[in-house]
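Shown next, in structure tokens, is the structure this report addresses.
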Amino acid sequence: MEASDDTEEPPLPLALTRFQVSEEFGFLLPDPLTELPAPYGPWMDIAHELPQLIVSHQLRSRVHQMPQLSTQHLRGREELHLAHLVLSCITTGYVWQEGEEGTVQVLPRNLAVPYWEVSQALGLPPILSHADFVLANWRRKDPNGPLEIENLDTIITLPGGESLRGFVLVTLLVEKAAVPGIKAIIGALRAILQCDEETLHRALQELAGAIEAMSEALGRMHDYVDPEVFYTVIRIFLSGWKDNPAMPHGLVYEGVSQEPMAYSGGSAAQSTVLHAFDELLGICHREDSAAFLHRMRDYMPPPHRAFVEEIQRAVSLKQHVLSSGDARLRAAFNRCVSALTDFRSYHITIVTKYITIAAAKAKAGRAEPSARAGPSGGKPPSALETKGTGGSHIFSFLKSIRDTTREGMISA
């Protein structure tokens, strides 16, 4: 685990390394491992064949033949993160192999026990989350090449082909675009403590620029992800077993608990970036939306969650800007809030295209025998037509957080 170099003097309010946040990559895991040590070959063999095993309905039988491996040979954060990604993808494939109508109630012991142990070691829940599928699921094709989509690939994939790859990598580029904004948080809080208005103004400009760059990166979803493939093939594998009508009782992790456990699926609300920006800008969401967002923090790596909590405890940027009476600072602050509002509006546009319109097409197509099949040749999923994969009522939630963001503006 990374430790801070500056334990001697109580340093600035925040130092990124204390929270396993990278100066270069932000919340992304820097250059993740792509292979586990030799004893874990049986996991990697299945993980590398996942799309074919799921589509041919063979994943469950392969899992049943898998040896139960000890997790004691896993060393360090990188190996644990790769193991978690691998076991998360095998688990979601196992659960959803037969679509919504063929779910299982029990995850077999040889998968559930090591998955639980790796999850406990990382402080992550035993389900595929944003921390796995995006933050720890990337590699450069040319190790010395740039962090651009043409030079990137996923480590583990699921059904969905190029659209699945595009979905993961565009989301990753949104995270990468946020990095100057994450660093600007540190700069802004430091500048407030030092009463350095010039540096504070510059940090706010950097933050606004980063949020604008995130919107631009998100726009690449249109180029790389087919809405029909996303809705009918990919989305079910991002679904969880909490607040999901297809799995109302959750999932029993055999050898871990006799009672079923319920976890939310992967969601953009699990990205630490927007939580950190909200806390810095003092955005207050309405009670039900805030409760859902707060629950999503349980799906972040614990050091990232601690980073958000540290910002929450820090000096109030908004109060500082208000009491300064500085028109330039107020304008820079409002540019940040406006950029964040625009990002959330744009996210609603994307969700409309990839879920609402795609769901309507799938519904219309269900009556036609030629309709594109879901993950296993069954029907396109319908259980989450109006909900996000995290289990929230998607439009009321997204509009609520967008509107409360806009209300964070400082009026003249």
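Letters A, B, ... mark the chains of the structure tokens in the order given; residue numbers begin at 1 per chain; ligand numbers begin at 1, in order shown.
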Please identify every residue of range 200-314 of chain A that has at least one atom no farther than 12 Å from an atom of range 167-175 of chain A, counting only C-alpha atoms, and for each give the shortest atom pair and the distance in Å to one decimal, arranged by chain then increasing number, as CSV.
residue,atom,partner,partner_atom,distance
A:Ala210,CA,A:Val174,CA,9.6
A:Ile211,CA,A:Val174,CA,9.1
A:Glu212,CA,A:Val174,CA,10.2
A:Ala213,CA,A:Val174,CA,7.8
A:Met214,CA,A:Val174,CA,4.9
A:Ser215,CA,A:Val174,CA,7.5
A:Glu216,CA,A:Val174,CA,8.2
A:Ala217,CA,A:Val174,CA,5.3
A:Leu218,CA,A:Val174,CA,6.0
A:Gly219,CA,A:Val170,CA,8.6
A:Arg220,CA,A:Val170,CA,6.5
A:Met221,CA,A:Val170,CA,6.1
A:His222,CA,A:Phe167,CA,9.7
A:Asp223,CA,A:Val170,CA,9.6
A:Tyr224,CA,A:Phe167,CA,7.1
A:Val225,CA,A:Phe167,CA,6.0
A:Asp226,CA,A:Phe167,CA,9.3
A:Pro227,CA,A:Phe167,CA,10.4
A:Val229,CA,A:Phe167,CA,10.7
A:Phe230,CA,A:Phe167,CA,8.3
A:Tyr231,CA,A:Phe167,CA,11.7
A:Ile234,CA,A:Phe167,CA,9.3
A:Arg235,CA,A:Phe167,CA,10.5
A:Leu238,CA,A:Val168,CA,11.3
A:Gly266,CA,A:Val168,CA,11.6
A:Ser267,CA,A:Thr171,CA,11.0
A:Ala268,CA,A:Thr171,CA,8.8
A:Gln270,CA,A:Glu175,CA,11.8
A:Ser271,CA,A:Glu175,CA,8.2
A:Thr272,CA,A:Glu175,CA,9.3
A:Val273,CA,A:Glu175,CA,7.3
A:Leu274,CA,A:Glu175,CA,9.9
If you run DSSP on this backbone, which residues of range 96-143 of chain A come out as strand (DSSP E or B), and could you give them as a PyMOL selection string?
chain A and resi 106-107+139-140
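The environment of Ser324 in chain A within 12 Å, counting only C-alpha atoms and disregarding residues fewer than 3 places along the same chain, consists of Ile192, Cys195, Asp196, Glu197, Leu200, His201, Leu317, Lys318, Gln319, His320, Val321, Ala327, Arg328, Leu329 and Arg330 of chain A.
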Produce a file of the selected residues containing C-alpha atoms, as a CSV table (one decimal), in the first residue's frame.
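selection-v4.csv was written with the following content:
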chain,number,residue,atom,x,y,z
A,192,ILE,CA,-7.9,29.3,1.0
A,195,CYS,CA,-5.4,33.5,1.8
A,196,ASP,CA,-3.9,33.4,-1.7
A,197,GLU,CA,-6.8,34.6,-3.9
A,200,LEU,CA,-7.4,30.1,-5.7
A,201,HIS,CA,-8.8,31.8,-8.8
A,317,LEU,CA,-14.8,27.0,-0.5
A,318,LYS,CA,-18.3,28.5,-1.0
A,319,GLN,CA,-18.2,30.4,2.3
A,320,HIS,CA,-14.8,31.7,1.5
A,321,VAL,CA,-15.8,33.0,-1.9
A,327,ALA,CA,-16.3,39.3,-8.1
A,328,ARG,CA,-13.6,37.4,-10.0
A,329,LEU,CA,-13.6,34.5,-7.5
A,330,ARG,CA,-17.4,34.4,-7.6
Would you pick out the contacts of range 20-27 of chain A at 12 Å or less, using only C-alpha atoms, so that residues sharing its chain but fewer than 3 positions from it are not included, and give the list as a VMD selection string?
chain A and resid 1 to 4 14 to 17 30 to 32 77 to 78 130 to 132 134 to 136 138 147 172 to 186 270 to 274 276 300 to 308
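Proximity of A:Ile155, A:Val86, A:Ile311, A:Leu122 to Gly282 in chain A, computed with only C-alpha atoms, is greatest for A:Ile311.
If you look at CA of Glu98 in chain A and CA of Phe292 in chain A, they are 28.9 Å away from each other.
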So, counting only C-alpha atoms, which residue among A:Ile394, A:Ile54, A:Met296, A:Val315 is closest to Thr356 in chain A?
A:Ile394
Fewer than 3 positions away in the same chain doesn't count, so skip those; otherwise give me all residues within 9 Å of range 101-116 of chain A, counting only C-alpha atoms, as an NGL selection string.
:A and (63-64 or 66-71 or 83-84 or 87-88 or 90-91 or 94-98 or 119-121 or 125-127 or 246-247 or 249-256 or 260 or 378)
Within 9 Å of range 398-403 of chain A, which residues of range 181-295 of chain A come that close, and what is the closest atom pair and distance in Å for each? Count only C-alpha atoms and give it as a tab-separated table.
residue	atom	partner	partner_atom	distance
A:Cys284	CA	A:Ile401	CA	8.8
A:His285	CA	A:Ile401	CA	6.0
A:Arg286	CA	A:Ser400	CA	7.3
A:Ser289	CA	A:Ile401	CA	6.9
A:Ala290	CA	A:Ile401	CA	8.5
Those residues you just picked out, can you put them in a file as a short mmCIF file (atom, residue, chain, number, x, y, z; two decimals), in the first residue's frame with N, CA, C and O atoms?
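File produced: result.cif:
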data_model
loop_
_atom_site.label_atom_id
_atom_site.label_comp_id
_atom_site.auth_asym_id
_atom_site.auth_seq_id
_atom_site.Cartn_x
_atom_site.Cartn_y
_atom_site.Cartn_z
N CYS A 284 -25.50 20.60 -2.36
CA CYS A 284 -26.33 19.81 -1.43
C CYS A 284 -27.48 19.16 -2.21
O CYS A 284 -28.36 19.87 -2.71
N HIS A 285 -27.46 17.85 -2.30
CA HIS A 285 -28.52 17.15 -3.03
C HIS A 285 -29.69 16.85 -2.11
O HIS A 285 -29.55 16.79 -0.90
N ARG A 286 -30.87 16.63 -2.73
CA ARG A 286 -32.08 16.35 -1.95
C ARG A 286 -31.93 15.00 -1.25
O ARG A 286 -31.17 14.14 -1.67
N SER A 289 -31.88 11.49 -3.13
CA SER A 289 -30.74 11.40 -4.05
C SER A 289 -29.44 11.34 -3.25
O SER A 289 -28.53 10.57 -3.58
N ALA A 290 -29.35 12.16 -2.21
CA ALA A 290 -28.14 12.19 -1.38
C ALA A 290 -27.92 10.84 -0.71
O ALA A 290 -26.79 10.36 -0.62
#
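Nearest to Arg313 in chain A of all the residues A:Pro143, A:Met409, A:Leu50, A:Glu279 is A:Glu279, based on only C-alpha atoms.
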Please report, as a CSV table (one decimal) with C-alpha atoms, in the first residue's frame, each residue of range 143-191 of chain A to which DSSP assigns helix (DSSP H, G or I) when run on this structure's backbone.
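Result file states_0.csv:
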chain,number,residue,atom,x,y,z
A,149,ILE,CA,-8.5,5.3,-27.1
A,150,GLU,CA,-6.7,4.0,-30.1
A,151,ASN,CA,-3.8,2.8,-27.9
A,161,GLY,CA,-17.7,-6.6,-28.6
A,162,GLU,CA,-16.4,-3.2,-29.7
A,163,SER,CA,-19.3,-1.4,-28.0
A,164,LEU,CA,-18.3,-2.9,-24.6
A,165,ARG,CA,-14.7,-1.9,-25.2
A,166,GLY,CA,-15.8,1.6,-26.2
A,167,PHE,CA,-18.1,1.9,-23.1
A,168,VAL,CA,-15.3,1.0,-20.7
A,169,LEU,CA,-12.6,3.1,-22.4
A,170,VAL,CA,-14.7,6.3,-23.0
A,171,THR,CA,-15.7,6.2,-19.3
A,172,LEU,CA,-12.0,5.8,-18.5
A,173,LEU,CA,-11.2,8.9,-20.6
A,174,VAL,CA,-13.8,10.9,-18.6
A,175,GLU,CA,-11.9,9.8,-15.5
A,176,LYS,CA,-8.6,10.9,-17.0
A,177,ALA,CA,-10.0,14.2,-18.1
A,179,VAL,CA,-7.3,14.7,-13.3
A,180,PRO,CA,-6.4,18.4,-13.5
A,181,GLY,CA,-9.6,19.0,-11.5
A,182,ILE,CA,-8.7,16.6,-8.8
A,183,LYS,CA,-5.3,18.4,-8.4
A,184,ALA,CA,-7.1,21.7,-8.5
A,185,ILE,CA,-9.1,20.6,-5.3
A,186,ILE,CA,-5.8,20.4,-3.5
A,187,GLY,CA,-4.7,23.7,-4.9
A,188,ALA,CA,-7.9,25.5,-4.0
A,189,LEU,CA,-8.0,24.2,-0.4
A,190,ARG,CA,-4.4,25.1,0.1
A,191,ALA,CA,-4.9,28.6,-1.3
CA of Glu259 in chain A to CA of Thr92 in chain A: how many Å, to one decimal?
19.0 Å
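As for CA of Glu79 in chain A and CA of Pro37 in chain A, they are spaced 8.3 Å apart.
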Using only C-alpha atoms, which residue out of A:Glu100, A:Glu228, A:Asp153, A:Glu35 lies closest to Gly365 in chain A?
A:Glu228
